[in-house]
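Q: Have a look at this one.
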Amino acid sequence: MFNRDTWLEIANTVLSHPMRTALTGISIALGVFILVVMQGLGFADDAVNSIWVQSGRTQLSYRGNQANRRIQMRESDVEAMFNEMDTVYAYSRRIRIWGMQMESGDKAGNFPVRGVDPDHQMLENTKLSHGRYISQRDVDEATKVAVIGTTLVEEIYDGENPVGTHLTIGGVLFRVVGSFDDPANRWENKMAYLPFSTANKLFRAGNDKVDQIIIGTGDMPITATTALTDHLLTWFKERKSVHPDDQRGISLENNNEEYEKFQNIFLGIELFIWGIGLLTLLAGAVGVANILAIAVKERTKEIGVRKALGATSSSIVGLVVQESLTLMIVSGSLGLVVGVGLLEFVSPMIDHEYFKNPQVDFRIALLALGILALVGVLSGIGPALRAVSIRPVEALRDE
């Protein structure tokens, strides 16, 4: 079936209407290009299975306390909160210190510091670039170690691996044990993470204040995390004598709910992308069907002669479908190659908190080729059946 004469005949049919063929090919290539590029961008996000607890200033007076009262969470509140929960999947206390002077060699700058627990890596979806993260032993022994973000690595270490070096933070010498990259939050990449106990001891005079708590919810369903959030919010307000209607004294943010909202948004975007790509492919398929229908009409006498000389219906159908498949696959492959090339070209240049490391999803590429083959066959079926229905006697009379 795939011999030289067949391919020459296919090329002659496809190129007999160059403008129509070019426009149809562009439509097919564009459909595949849209699918590959837009699906290749992807989205970055923080860990979703968490609840964030934070205190602020009250809006309303309550139980003899004036409004604008500062609510402060303490270690005892953390322990009591854990007792209110059936299971603590993961957690991290946080201390936030802004504008700490950091020095290494002749490089220096002011950067923020966080005191954290080991689970913070999972809860913030932090990606280690070099070395290790804060360990439980670091917290237990209040060791002077630091894990620094990519911004610090670039500005203090000129992009070199900092693991094993020493970094002066607030006048105290720390050993750098790791570096990280937070793909969803470039602000975090300006941070130096220290063991919670170390940051508390050195920069908070060893008091028991906690700025923020992140609680992991594991594989709990959305309804369970919502119920837990409501329960902890009510409990915390009662414990801290905050008015039930006060929105700022104590706040809990359920990332599970936020994630579900964003997932719905991203799903809508993805469906829209698929819709645009598939509609563009459909337009190309209609163009292919029209080209082949015209070709069959112009070759009516030729097809009649073939049938009169003994050509089978299957051979004629196969020829027309081959022509359709060739146009679809060649045009689609061109769109695929251009899409892959564009992603590879722009990948090193894109560093955005929502679009990170664009790359080709080969499952999408294979699916697109599969769709091309299917659409190619379906586009050729109509013209092929028209060709088969031609009777040799009538075809020979055709002018």
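Residues are named by chain letter and number: chains run A, B, ... in the order of the structure tokens, numbers start at 1 in each chain, and ligands are numbered from 1 in the order shown.
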Can you tell me, as a list in words, what residues are no more than 9 Å from Ile134 of chain A when counting only C-alpha atoms, ignoring any on the same chain fewer than 2 positions away?
A: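 Within the cut-off, the hits are Val116, Asp117, Pro118, Asp119, His120, Gln121, Arg132, Gln136, Arg137, Asp138, Val139, Val145, Ala146, Val147, Val177, Gly178, Tyr193, Leu194 and Pro195 of chain A.
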Q: Please list as a PDB file with C-alpha atoms, in the first residue's frame every residue within 7 Å of segment 233-243 of chain A, counting only C-alpha atoms and excluding residues in the same chain fewer than 2 positions away.
A:
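Saved to result.pdb:
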```pdb
ATOM      1  CA  LEU A  60     -14.552  44.486  69.167  1.00  0.00           C
ATOM      2  CA  TYR A  62     -15.354  41.722  74.822  1.00  0.00           C
ATOM      3  CA  ARG A  63     -15.461  40.553  78.433  1.00  0.00           C
ATOM      4  CA  THR A 229     -11.390  24.919  61.129  1.00  0.00           C
ATOM      5  CA  ASP A 230     -14.710  26.103  62.555  1.00  0.00           C
ATOM      6  CA  HIS A 231     -14.151  24.196  65.791  1.00  0.00           C
ATOM      7  CA  ASP A 245     -17.950  38.059  65.555  1.00  0.00           C
ATOM      8  CA  ASP A 246     -14.420  39.522  65.608  1.00  0.00           C
ATOM      9  CA  GLY A 249      -8.290  38.884  66.628  1.00  0.00           C
ATOM     10  CA  ILE A 250      -7.865  35.247  65.564  1.00  0.00           C
ATOM     11  CA  LEU A 252      -7.792  30.535  60.484  1.00  0.00           C
TER      12      LEU A 252
END
```
Q: Can you list, as a VMD selection string, every protein, DNA or RNA residue that comes within 7 Å of segment 375-377 of chain A when you count only C-alpha atoms, leaving out same-chain residues fewer than 6 positions away?
A: chain A and resid 285 321 324 to 325 328
Q: With only C-alpha atoms as the atoms that count, which of A:Ala67, A:Ile148, A:Ala373, A:Ala142 lies nearest to Ser197 of chain A?
A: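 For Ser197 of chain A, the nearest of the candidates is A:Ala142.
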Q: From a backbone DSSP assignment, name each residue in segment 221-390 of chain A labelled alpha helix (DSSP H), as JSON, numbers by chain.
A: {"A": [222, 223, 224, 225, 226, 227, 228, 229, 230, 231, 232, 233, 234, 235, 236, 237, 238, 239, 255, 256, 257, 258, 259, 260, 261, 262, 263, 264, 265, 266, 267, 268, 269, 270, 271, 272, 273, 274, 275, 276, 277, 278, 279, 280, 281, 282, 283, 284, 285, 286, 287, 288, 289, 290, 291, 292, 293, 294, 295, 296, 297, 298, 300, 301, 302, 303, 304, 305, 306, 307, 308, 313, 314, 315, 316, 317, 318, 319, 320, 321, 322, 323, 324, 325, 326, 327, 328, 329, 330, 331, 332, 333, 334, 335, 336, 337, 338, 339, 340, 341, 342, 343, 344, 345, 346, 362, 363, 364, 365, 366, 367, 368, 369, 370, 371, 372, 373, 374, 375, 376, 377, 378, 379, 380, 381, 382, 383, 384, 385, 386, 387, 388]}
Q: Between A:Phe33, A:Trp7, A:Trp52, A:Phe196, which residue has the minimum interatomic distance to Glu257 of chain A, considering only C-alpha atoms?
A: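 Using only C-alpha atoms, Glu257 of chain A sits closest to A:Trp52.
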Q: Using only C-alpha atoms, which protein or nucleic acid residues come within 10 Å of segment 271-278 of chain A? Drop anything in the same chain fewer than 5 positions from it, and give the result as a list in words.
A: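 The filter keeps Ser27, Ile28, Ala29, Leu30, Gly31, Val32, Phe33, Ile34, Leu35, Val36, Val37, Met38, Gln39, Ile265, Phe266, Ala283, Gly284, Ala368 and Ile371 of chain A.
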Q: Go through A:Asn189, A:Asn256, A:Arg70, A:Pro18 and flag the residue nearest Ala224 of chain A, using only C-alpha atoms for the distances.
A: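 Under the stated criterion, the closest residue is A:Asn256.
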